[in-house]
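**Q** A single structure is presented below for examination.
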Number of protein chains: 2
Amino acid sequence: MSPKVSDEHKEQRRQQILEAAKRVFIRMGYEAATLKDIVQEAGMSRGWIYLYFQTKEEIYTALMEKHDQETEGIFDALLAGCSSVWEALERMLQHEKEELTHIQSGMAPVFYEYFVTGWRDVSKREWLVQRVEKTMRKLVQFLQVGVDRGEFSPALPLELIAKVMASQFEGIMIHTLALGPKHADAYRQLDVLIAHMKSLLLPSK
Amino acid sequence: MSPKVSDEHKEQRRQQILEAAKRVFIRMGYEAATLKDIVQEAGMSRGWIYLYFQTKEEIYTALMEKHDQETEGIFDALLAGCSSVWEALERMLQHEKEELTHIQSGMAPVFYEYFVTGWRDVSKREWLVQRVEKTMRKLVQFLQVGVDRGEFSPALPLELIAKVMASQFEGIMIHTLALGPKHADAYRQLDVLIAHMKSLLLPSK
């Protein structure tokens with residue numbers, strides 16, 4: 001077997017573990033899930049898993065990194081496929097309507113559980129802060145493209161607009177998680193968020 | 001001892017338990033805290049506590065109800081003390097700046113922990129939904145005063161504006177909790193929230 005195939009196999013196994021862990025986390029929540037549950041779900045021996053990950057937490061953070069990379073890919077694809085940066089941003093937010101419909105059966109509850117229960121732990125907290133800051137930098141870069149192309153004339157610093165966008169969206173997620181998409185009025189709340197972003201980014205005509 | 005004094009004493013004891021529980025929850029978090037910790041902090045016998053509360057959860061929900069009643073009192077006091085409903089609303093939101101500065105050492109982390117860990121439990125979830133809906137009704141009533149006085153001409157249904165205000169504020173809280181008030185830019189985010197509410201409620205001149 002050539003080293004290349006072997007690397008591919010390794011990566012395949014790794015993805016298999018991550019997918020299994022995702023199903024387990026969604027089903028049981030972060031705290032309740034154990035490494036044993038993930039081993040069983042993946043249908044591998046415990047020894048195999050240890051070649052890749054030592055703890056449940058390592059699997060979780062790898063899963064989040066994978067998720068963040070996928071999100072980044074969506075950013076780039078949208079920018080490439082839309083005629084304007086605003087259209088890309090609006091499409092991204094419109095797309096979240098669909099995500100919010102399924103929020104209760106996705107990774108969001110797991111993420112909030114990890115955030116809230118890990119909040120008092122210094123090392124977990126550092127990881128969380130870095131993750132938020134990385135997301136903010138990406139979002140600012142995205143908005144900056146709109147400024148560079150002469151499309152946006154932001155009323156406030158881009159860093160602040162990015163933070164407002166992220167926290168307003170986060171609030172909608174939290175409410176949708178608590179109340180369900182219908183009671184939280186998630187769609188209309190997203191429309192208000194889109195209009196708010198428009199008022200902060202686009203020149204009023 | 002007259003029944004009246006006895007009732008007063010009872011209420012005093014109850015408040016004493018709630019205050020002790022609050023300190024314990026803030027120090028340890030919801031899940032980690034036990035009824036025993038609360039008993040010790042209150043400096044009462046276990047038997048005494050059982051006259052008032054059977055479980056940690058009962059104490060927690062009583063604490064939240066007390067908190068909500070206090071918030072309602074603040075609403076009324078602000079409305080009475082301000083010359084306009086908008087001024088009352090703005091003062092309320094400005095006041096939150098101070099609260100956000102201390103968010104990490106207050107009840108907010110405990111609340112989110114209860115929310116996230118209790119989320120899969122049907123009875124806890126019902127309580128959470130009812131609490132959010134009650135808060136929304138209060139907020140709509142508050143905004144309605146502004147409409148009735150001819151001060152507000154809302155661009156959207158008041159129910160939606162109340163939800164947007166609550167979720168946008170919730171998002172700022174979550175980010176402030178994660179990053180600290182400085183990194184989250186909590187003050188400026190609140191200013192943006194205030195300007196957003198102004199644009200949704202006040203007629204543009």
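Here, A, B, ... name the chains of the structure tokens in the order displayed, residue numbers run from 1 inside each chain, and ligands are numbered from 1 in the same displayed order.
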Can you pull out the residues contacting B:Phe53? Cut-off 10 Å, using only C-alpha atoms, and skip same-chain residues under 4 positions away; I want them as an MDAnalysis selection string.

**A** chainID B and resid 14 17 35 48:49 57:60 62

**Q** What are the closest atom pairs, with distances in Å to one decimal, for each residue of chain A lying within 9 Å of chain B, using only C-alpha atoms, rows by chain and rising residue number, as JSON lines?

**A**
{"residue": "A:Gly29", "atom": "CA", "partner": "B:Thr117", "partner_atom": "CA", "distance": 8.6}
{"residue": "A:Glu31", "atom": "CA", "partner": "B:Thr117", "partner_atom": "CA", "distance": 8.9}
{"residue": "A:Pro109", "atom": "CA", "partner": "B:Val116", "partner_atom": "CA", "distance": 7.0}
{"residue": "A:Val110", "atom": "CA", "partner": "B:Val116", "partner_atom": "CA", "distance": 8.6}
{"residue": "A:Tyr112", "atom": "CA", "partner": "B:Val116", "partner_atom": "CA", "distance": 6.5}
{"residue": "A:Glu113", "atom": "CA", "partner": "B:Val116", "partner_atom": "CA", "distance": 5.4}
{"residue": "A:Phe115", "atom": "CA", "partner": "B:Ala178", "partner_atom": "CA", "distance": 8.0}
{"residue": "A:Val116", "atom": "CA", "partner": "B:Glu113", "partner_atom": "CA", "distance": 5.4}
{"residue": "A:Thr117", "atom": "CA", "partner": "B:Glu113", "partner_atom": "CA", "distance": 6.5}
{"residue": "A:Trp119", "atom": "CA", "partner": "B:Ala178", "partner_atom": "CA", "distance": 7.4}
{"residue": "A:Arg120", "atom": "CA", "partner": "B:Gly29", "partner_atom": "CA", "distance": 8.8}
{"residue": "A:Arg125", "atom": "CA", "partner": "B:Ala178", "partner_atom": "CA", "distance": 7.5}
{"residue": "A:Leu128", "atom": "CA", "partner": "B:Ala178", "partner_atom": "CA", "distance": 7.3}
{"residue": "A:Val129", "atom": "CA", "partner": "B:Leu179", "partner_atom": "CA", "distance": 5.9}
{"residue": "A:Val132", "atom": "CA", "partner": "B:Leu179", "partner_atom": "CA", "distance": 8.3}
{"residue": "A:Glu133", "atom": "CA", "partner": "B:Leu179", "partner_atom": "CA", "distance": 9.0}
{"residue": "A:Leu160", "atom": "CA", "partner": "B:Gln189", "partner_atom": "CA", "distance": 7.3}
{"residue": "A:Ile161", "atom": "CA", "partner": "B:Gln189", "partner_atom": "CA", "distance": 8.7}
{"residue": "A:Lys163", "atom": "CA", "partner": "B:Ala184", "partner_atom": "CA", "distance": 7.4}
{"residue": "A:Val164", "atom": "CA", "partner": "B:Gln189", "partner_atom": "CA", "distance": 6.2}
{"residue": "A:Ala166", "atom": "CA", "partner": "B:Gly171", "partner_atom": "CA", "distance": 7.9}
{"residue": "A:Ser167", "atom": "CA", "partner": "B:Gly171", "partner_atom": "CA", "distance": 4.3}
{"residue": "A:Gln168", "atom": "CA", "partner": "B:Gln168", "partner_atom": "CA", "distance": 4.5}
{"residue": "A:Phe169", "atom": "CA", "partner": "B:Gly171", "partner_atom": "CA", "distance": 7.2}
{"residue": "A:Glu170", "atom": "CA", "partner": "B:Gly171", "partner_atom": "CA", "distance": 5.2}
{"residue": "A:Gly171", "atom": "CA", "partner": "B:Gly171", "partner_atom": "CA", "distance": 4.0}
{"residue": "A:Ile172", "atom": "CA", "partner": "B:Ser167", "partner_atom": "CA", "distance": 5.5}
{"residue": "A:Met173", "atom": "CA", "partner": "B:Ser167", "partner_atom": "CA", "distance": 8.4}
{"residue": "A:Ile174", "atom": "CA", "partner": "B:Ser167", "partner_atom": "CA", "distance": 7.6}
{"residue": "A:His175", "atom": "CA", "partner": "B:Ser167", "partner_atom": "CA", "distance": 6.5}
{"residue": "A:Leu177", "atom": "CA", "partner": "B:Trp119", "partner_atom": "CA", "distance": 8.6}
{"residue": "A:Ala178", "atom": "CA", "partner": "B:Val129", "partner_atom": "CA", "distance": 6.6}
{"residue": "A:Leu179", "atom": "CA", "partner": "B:Val129", "partner_atom": "CA", "distance": 5.9}
{"residue": "A:Ala184", "atom": "CA", "partner": "B:Lys163", "partner_atom": "CA", "distance": 7.3}
{"residue": "A:Asp185", "atom": "CA", "partner": "B:Leu160", "partner_atom": "CA", "distance": 7.4}
{"residue": "A:Arg188", "atom": "CA", "partner": "B:Leu160", "partner_atom": "CA", "distance": 7.7}
{"residue": "A:Gln189", "atom": "CA", "partner": "B:Val164", "partner_atom": "CA", "distance": 6.2}
{"residue": "A:Val192", "atom": "CA", "partner": "B:Val164", "partner_atom": "CA", "distance": 7.7}
{"residue": "A:Leu193", "atom": "CA", "partner": "B:Val164", "partner_atom": "CA", "distance": 8.5}
{"residue": "A:His196", "atom": "CA", "partner": "B:His196", "partner_atom": "CA", "distance": 7.3}

**Q** Any chance you could fit chain A onto chain B with least squares, all Cα atoms in order, and share the moved copy as an mmCIF file with C-alpha atoms, in the first residue's frame?

**A**
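Once everything was written out, this is out_33.cif:
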data_model
loop_
_atom_site.group_PDB
_atom_site.id
_atom_site.type_symbol
_atom_site.label_atom_id
_atom_site.label_comp_id
_atom_site.auth_asym_id
_atom_site.auth_seq_id
_atom_site.Cartn_x
_atom_site.Cartn_y
_atom_site.Cartn_z
ATOM 1 C CA MET A 1 -46.567 35.778 68.792
ATOM 2 C CA SER A 2 -49.254 37.112 66.502
ATOM 3 C CA PRO A 3 -49.825 35.320 63.172
ATOM 4 C CA LYS A 4 -48.705 38.465 61.360
ATOM 5 C CA VAL A 5 -45.243 38.424 62.948
ATOM 6 C CA SER A 6 -45.007 34.737 62.275
ATOM 7 C CA ASP A 7 -45.762 35.292 58.591
ATOM 8 C CA GLU A 8 -43.134 37.995 58.488
ATOM 9 C CA HIS A 9 -40.616 35.650 60.055
ATOM 10 C CA LYS A 10 -41.528 32.962 57.576
ATOM 11 C CA GLU A 11 -41.006 35.338 54.679
ATOM 12 C CA GLN A 12 -37.715 36.519 56.178
ATOM 13 C CA ARG A 13 -36.471 32.935 56.402
ATOM 14 C CA ARG A 14 -37.558 32.294 52.853
ATOM 15 C CA GLN A 15 -35.637 35.339 51.618
ATOM 16 C CA GLN A 16 -32.629 34.218 53.669
ATOM 17 C CA ILE A 17 -32.664 30.852 51.887
ATOM 18 C CA LEU A 18 -33.002 32.493 48.478
ATOM 19 C CA GLU A 19 -30.105 34.867 49.160
ATOM 20 C CA ALA A 20 -27.915 31.991 50.352
ATOM 21 C CA ALA A 21 -28.857 29.924 47.286
ATOM 22 C CA LYS A 22 -27.969 32.826 45.021
ATOM 23 C CA ARG A 23 -24.481 33.054 46.509
ATOM 24 C CA VAL A 24 -24.002 29.295 46.175
ATOM 25 C CA PHE A 25 -25.230 29.206 42.548
ATOM 26 C CA ILE A 26 -22.996 32.126 41.575
ATOM 27 C CA ARG A 27 -19.985 30.514 43.245
ATOM 28 C CA MET A 28 -20.471 26.932 42.037
ATOM 29 C CA GLY A 29 -22.850 27.002 39.071
ATOM 30 C CA TYR A 30 -26.248 25.305 38.960
ATOM 31 C CA GLU A 31 -25.317 21.681 38.341
ATOM 32 C CA ALA A 32 -22.423 21.543 40.809
ATOM 33 C CA ALA A 33 -24.398 23.147 43.662
ATOM 34 C CA THR A 34 -26.291 20.833 46.006
ATOM 35 C CA LEU A 35 -29.114 21.370 48.459
ATOM 36 C CA LYS A 36 -26.547 20.610 51.167
ATOM 37 C CA ASP A 37 -24.367 23.531 50.020
ATOM 38 C CA ILE A 38 -27.378 25.827 50.216
ATOM 39 C CA VAL A 39 -28.315 24.539 53.696
ATOM 40 C CA GLN A 40 -24.775 25.209 54.921
ATOM 41 C CA GLU A 41 -24.617 28.661 53.342
ATOM 42 C CA ALA A 42 -27.977 29.624 54.854
ATOM 43 C CA GLY A 43 -26.807 28.439 58.277
ATOM 44 C CA MET A 44 -30.084 26.630 58.901
ATOM 45 C CA SER A 45 -30.875 23.010 59.582
ATOM 46 C CA ARG A 46 -31.941 20.823 56.670
ATOM 47 C CA GLY A 47 -35.353 20.428 58.332
ATOM 48 C CA TRP A 48 -35.956 24.179 58.248
ATOM 49 C CA ILE A 49 -35.245 24.431 54.551
ATOM 50 C CA TYR A 50 -37.681 21.593 53.796
ATOM 51 C CA LEU A 51 -40.506 23.675 55.252
ATOM 52 C CA TYR A 52 -39.994 25.989 52.276
ATOM 53 C CA PHE A 53 -38.427 24.033 49.414
ATOM 54 C CA GLN A 54 -38.172 20.368 48.506
ATOM 55 C CA THR A 55 -35.500 20.536 45.802
ATOM 56 C CA LYS A 56 -32.674 22.661 44.473
ATOM 57 C CA GLU A 57 -34.790 23.269 41.388
ATOM 58 C CA GLU A 58 -37.646 24.720 43.438
ATOM 59 C CA ILE A 59 -35.220 27.156 45.043
ATOM 60 C CA TYR A 60 -33.840 28.095 41.646
ATOM 61 C CA THR A 61 -37.233 28.798 40.084
ATOM 62 C CA ALA A 62 -38.300 30.823 43.159
ATOM 63 C CA LEU A 63 -35.106 32.850 42.796
ATOM 64 C CA MET A 64 -35.865 33.543 39.132
ATOM 65 C CA GLU A 65 -39.437 34.559 39.940
ATOM 66 C CA LYS A 66 -38.125 36.975 42.535
ATOM 67 C CA HIS A 67 -35.717 38.379 39.964
ATOM 68 C CA ASP A 68 -38.524 38.801 37.414
ATOM 69 C CA GLN A 69 -40.703 40.617 39.933
ATOM 70 C CA GLU A 70 -37.854 42.999 40.715
ATOM 71 C CA THR A 71 -37.368 43.665 36.990
ATOM 72 C CA GLU A 72 -41.070 44.417 36.656
ATOM 73 C CA GLY A 73 -40.768 46.889 39.510
ATOM 74 C CA ILE A 74 -37.925 48.636 37.674
ATOM 75 C CA PHE A 75 -40.106 48.893 34.534
ATOM 76 C CA ASP A 76 -42.866 50.607 36.492
ATOM 77 C CA ALA A 77 -40.509 52.895 38.399
ATOM 78 C CA LEU A 78 -38.831 54.003 35.178
ATOM 79 C CA LEU A 79 -42.152 54.715 33.489
ATOM 80 C CA ALA A 80 -43.239 56.765 36.496
ATOM 81 C CA GLY A 81 -39.945 58.670 36.718
ATOM 82 C CA CYS A 82 -39.355 59.530 33.069
ATOM 83 C CA SER A 83 -40.987 62.172 30.932
ATOM 84 C CA SER A 84 -41.345 59.815 27.960
ATOM 85 C CA VAL A 85 -41.590 56.078 27.340
ATOM 86 C CA TRP A 86 -38.582 56.279 25.056
ATOM 87 C CA GLU A 87 -36.538 57.892 27.823
ATOM 88 C CA ALA A 88 -37.585 55.054 30.152
ATOM 89 C CA LEU A 89 -36.585 52.438 27.589
ATOM 90 C CA GLU A 90 -33.265 54.098 26.875
ATOM 91 C CA ARG A 91 -32.471 54.430 30.572
ATOM 92 C CA MET A 92 -33.310 50.774 31.100
ATOM 93 C CA LEU A 93 -30.905 49.764 28.341
ATOM 94 C CA GLN A 94 -28.231 52.220 29.505
ATOM 95 C CA HIS A 95 -28.541 50.723 32.972
ATOM 96 C CA GLU A 96 -27.681 47.332 31.479
ATOM 97 C CA LYS A 97 -24.172 48.611 30.716
ATOM 98 C CA GLU A 98 -23.450 48.438 34.393
ATOM 99 C CA GLU A 99 -25.023 44.994 34.662
ATOM 100 C CA LEU A 100 -22.941 43.713 31.757
ATOM 101 C CA THR A 101 -19.751 44.871 33.474
ATOM 102 C CA HIS A 102 -20.440 42.384 36.254
ATOM 103 C CA ILE A 103 -22.146 39.705 34.201
ATOM 104 C CA GLN A 104 -19.479 37.097 34.833
ATOM 105 C CA SER A 105 -19.981 37.273 38.584
ATOM 106 C CA GLY A 106 -23.801 37.405 38.514
ATOM 107 C CA MET A 107 -26.666 35.008 37.916
ATOM 108 C CA ALA A 108 -26.468 35.070 34.102
ATOM 109 C CA PRO A 109 -23.998 32.164 33.810
ATOM 110 C CA VAL A 110 -26.205 30.175 36.178
ATOM 111 C CA PHE A 111 -29.286 30.948 34.112
ATOM 112 C CA TYR A 112 -27.637 29.868 30.857
ATOM 113 C CA GLU A 113 -26.354 26.720 32.509
ATOM 114 C CA TYR A 114 -29.868 25.873 33.694
ATOM 115 C CA PHE A 115 -31.260 26.667 30.261
ATOM 116 C CA VAL A 116 -28.749 24.619 28.317
ATOM 117 C CA THR A 117 -28.552 21.620 30.595
ATOM 118 C CA GLY A 118 -32.317 21.619 31.182
ATOM 119 C CA TRP A 119 -33.152 22.021 27.566
ATOM 120 C CA ARG A 120 -33.758 18.307 26.882
ATOM 121 C CA ASP A 121 -36.051 17.980 29.925
ATOM 122 C CA VAL A 122 -39.699 18.581 28.983
ATOM 123 C CA SER A 123 -40.877 20.089 32.292
ATOM 124 C CA LYS A 124 -37.877 22.409 32.615
ATOM 125 C CA ARG A 125 -38.374 23.441 29.044
ATOM 126 C CA GLU A 126 -42.009 24.311 29.605
ATOM 127 C CA TRP A 127 -41.003 26.512 32.509
ATOM 128 C CA LEU A 128 -38.387 28.238 30.341
ATOM 129 C CA VAL A 129 -40.856 28.851 27.513
ATOM 130 C CA GLN A 130 -43.427 30.278 29.918
ATOM 131 C CA ARG A 131 -40.811 32.546 31.455
ATOM 132 C CA VAL A 132 -39.732 33.919 28.063
ATOM 133 C CA GLU A 133 -43.343 34.402 26.985
ATOM 134 C CA LYS A 134 -44.184 36.240 30.192
ATOM 135 C CA THR A 135 -41.207 38.564 29.716
ATOM 136 C CA MET A 136 -42.295 39.200 26.120
ATOM 137 C CA ARG A 137 -45.835 40.097 27.212
ATOM 138 C CA LYS A 138 -44.465 42.601 29.772
ATOM 139 C CA LEU A 139 -42.207 44.154 27.191
ATOM 140 C CA VAL A 140 -45.048 44.476 24.672
ATOM 141 C CA GLN A 141 -47.227 46.120 27.353
ATOM 142 C CA PHE A 142 -44.409 48.560 28.037
ATOM 143 C CA LEU A 143 -44.020 49.424 24.345
ATOM 144 C CA GLN A 144 -47.803 49.700 23.977
ATOM 145 C CA VAL A 145 -47.792 52.556 26.504
ATOM 146 C CA GLY A 146 -45.571 54.456 24.083
ATOM 147 C CA VAL A 147 -47.989 53.760 21.231
ATOM 148 C CA ASP A 148 -51.003 54.765 23.338
ATOM 149 C CA ARG A 149 -49.339 58.035 24.263
ATOM 150 C CA GLY A 150 -48.689 58.756 20.594
ATOM 151 C CA GLU A 151 -44.933 58.611 21.143
ATOM 152 C CA PHE A 152 -44.074 55.500 19.140
ATOM 153 C CA SER A 153 -45.077 54.718 15.599
ATOM 154 C CA PRO A 154 -43.648 51.225 15.277
ATOM 155 C CA ALA A 155 -42.473 50.113 11.861
ATOM 156 C CA LEU A 156 -43.243 46.484 12.745
ATOM 157 C CA PRO A 157 -45.678 44.641 15.046
ATOM 158 C CA LEU A 158 -44.784 45.306 18.703
ATOM 159 C CA GLU A 159 -44.532 41.557 19.375
ATOM 160 C CA LEU A 160 -41.778 41.302 16.788
ATOM 161 C CA ILE A 161 -39.953 44.406 18.031
ATOM 162 C CA ALA A 162 -40.051 43.013 21.577
ATOM 163 C CA LYS A 163 -38.604 39.721 20.372
ATOM 164 C CA VAL A 164 -35.871 41.483 18.408
ATOM 165 C CA MET A 165 -34.982 43.629 21.402
ATOM 166 C CA ALA A 166 -34.859 40.606 23.714
ATOM 167 C CA SER A 167 -32.822 38.420 21.387
ATOM 168 C CA GLN A 168 -30.403 41.178 20.404
ATOM 169 C CA PHE A 169 -29.829 41.904 24.082
ATOM 170 C CA GLU A 170 -29.476 38.193 24.813
ATOM 171 C CA GLY A 171 -26.803 37.946 22.127
ATOM 172 C CA ILE A 172 -24.845 40.810 23.691
ATOM 173 C CA MET A 173 -25.078 39.062 27.059
ATOM 174 C CA ILE A 174 -23.808 35.775 25.632
ATOM 175 C CA HIS A 175 -20.872 37.491 23.937
ATOM 176 C CA THR A 176 -20.048 39.518 27.027
ATOM 177 C CA LEU A 177 -20.132 36.359 29.084
ATOM 178 C CA ALA A 178 -17.782 34.607 26.665
ATOM 179 C CA LEU A 179 -15.346 37.431 25.980
ATOM 180 C CA GLY A 180 -15.726 39.851 28.866
ATOM 181 C CA PRO A 181 -17.288 43.322 28.480
ATOM 182 C CA LYS A 182 -14.209 44.894 26.867
ATOM 183 C CA HIS A 183 -13.529 42.317 24.152
ATOM 184 C CA ALA A 184 -17.243 41.988 23.398
ATOM 185 C CA ASP A 185 -17.434 45.780 23.043
ATOM 186 C CA ALA A 186 -20.537 45.513 25.204
ATOM 187 C CA TYR A 187 -21.118 49.248 25.687
ATOM 188 C CA ARG A 188 -20.968 50.121 22.029
ATOM 189 C CA GLN A 189 -23.072 47.081 21.166
ATOM 190 C CA LEU A 190 -25.730 48.354 23.565
ATOM 191 C CA ASP A 191 -25.566 51.777 21.914
ATOM 192 C CA VAL A 192 -26.210 50.082 18.567
ATOM 193 C CA LEU A 193 -29.145 48.196 20.110
ATOM 194 C CA ILE A 194 -30.579 51.485 21.431
ATOM 195 C CA ALA A 195 -30.223 53.117 18.005
ATOM 196 C CA HIS A 196 -31.830 50.068 16.402
ATOM 197 C CA MET A 197 -34.820 50.241 18.753
ATOM 198 C CA LYS A 198 -35.114 53.948 18.080
ATOM 199 C CA SER A 199 -35.292 53.299 14.343
ATOM 200 C CA LEU A 200 -37.987 50.646 14.857
ATOM 201 C CA LEU A 201 -40.123 52.612 17.329
ATOM 202 C CA LEU A 202 -39.786 56.320 16.756
ATOM 203 C CA PRO A 203 -41.109 58.069 13.698
ATOM 204 C CA SER A 204 -38.249 59.256 11.510
ATOM 205 C CA LYS A 205 -38.213 62.997 11.338
#

**Q** From the DSSP assignment of the backbone, select every residue of stretch 131-195 of chain B that is alpha helix (DSSP H), and format the answer as a PyMOL selection string.

**A** chain B and resi 131-148+158-183+186-195
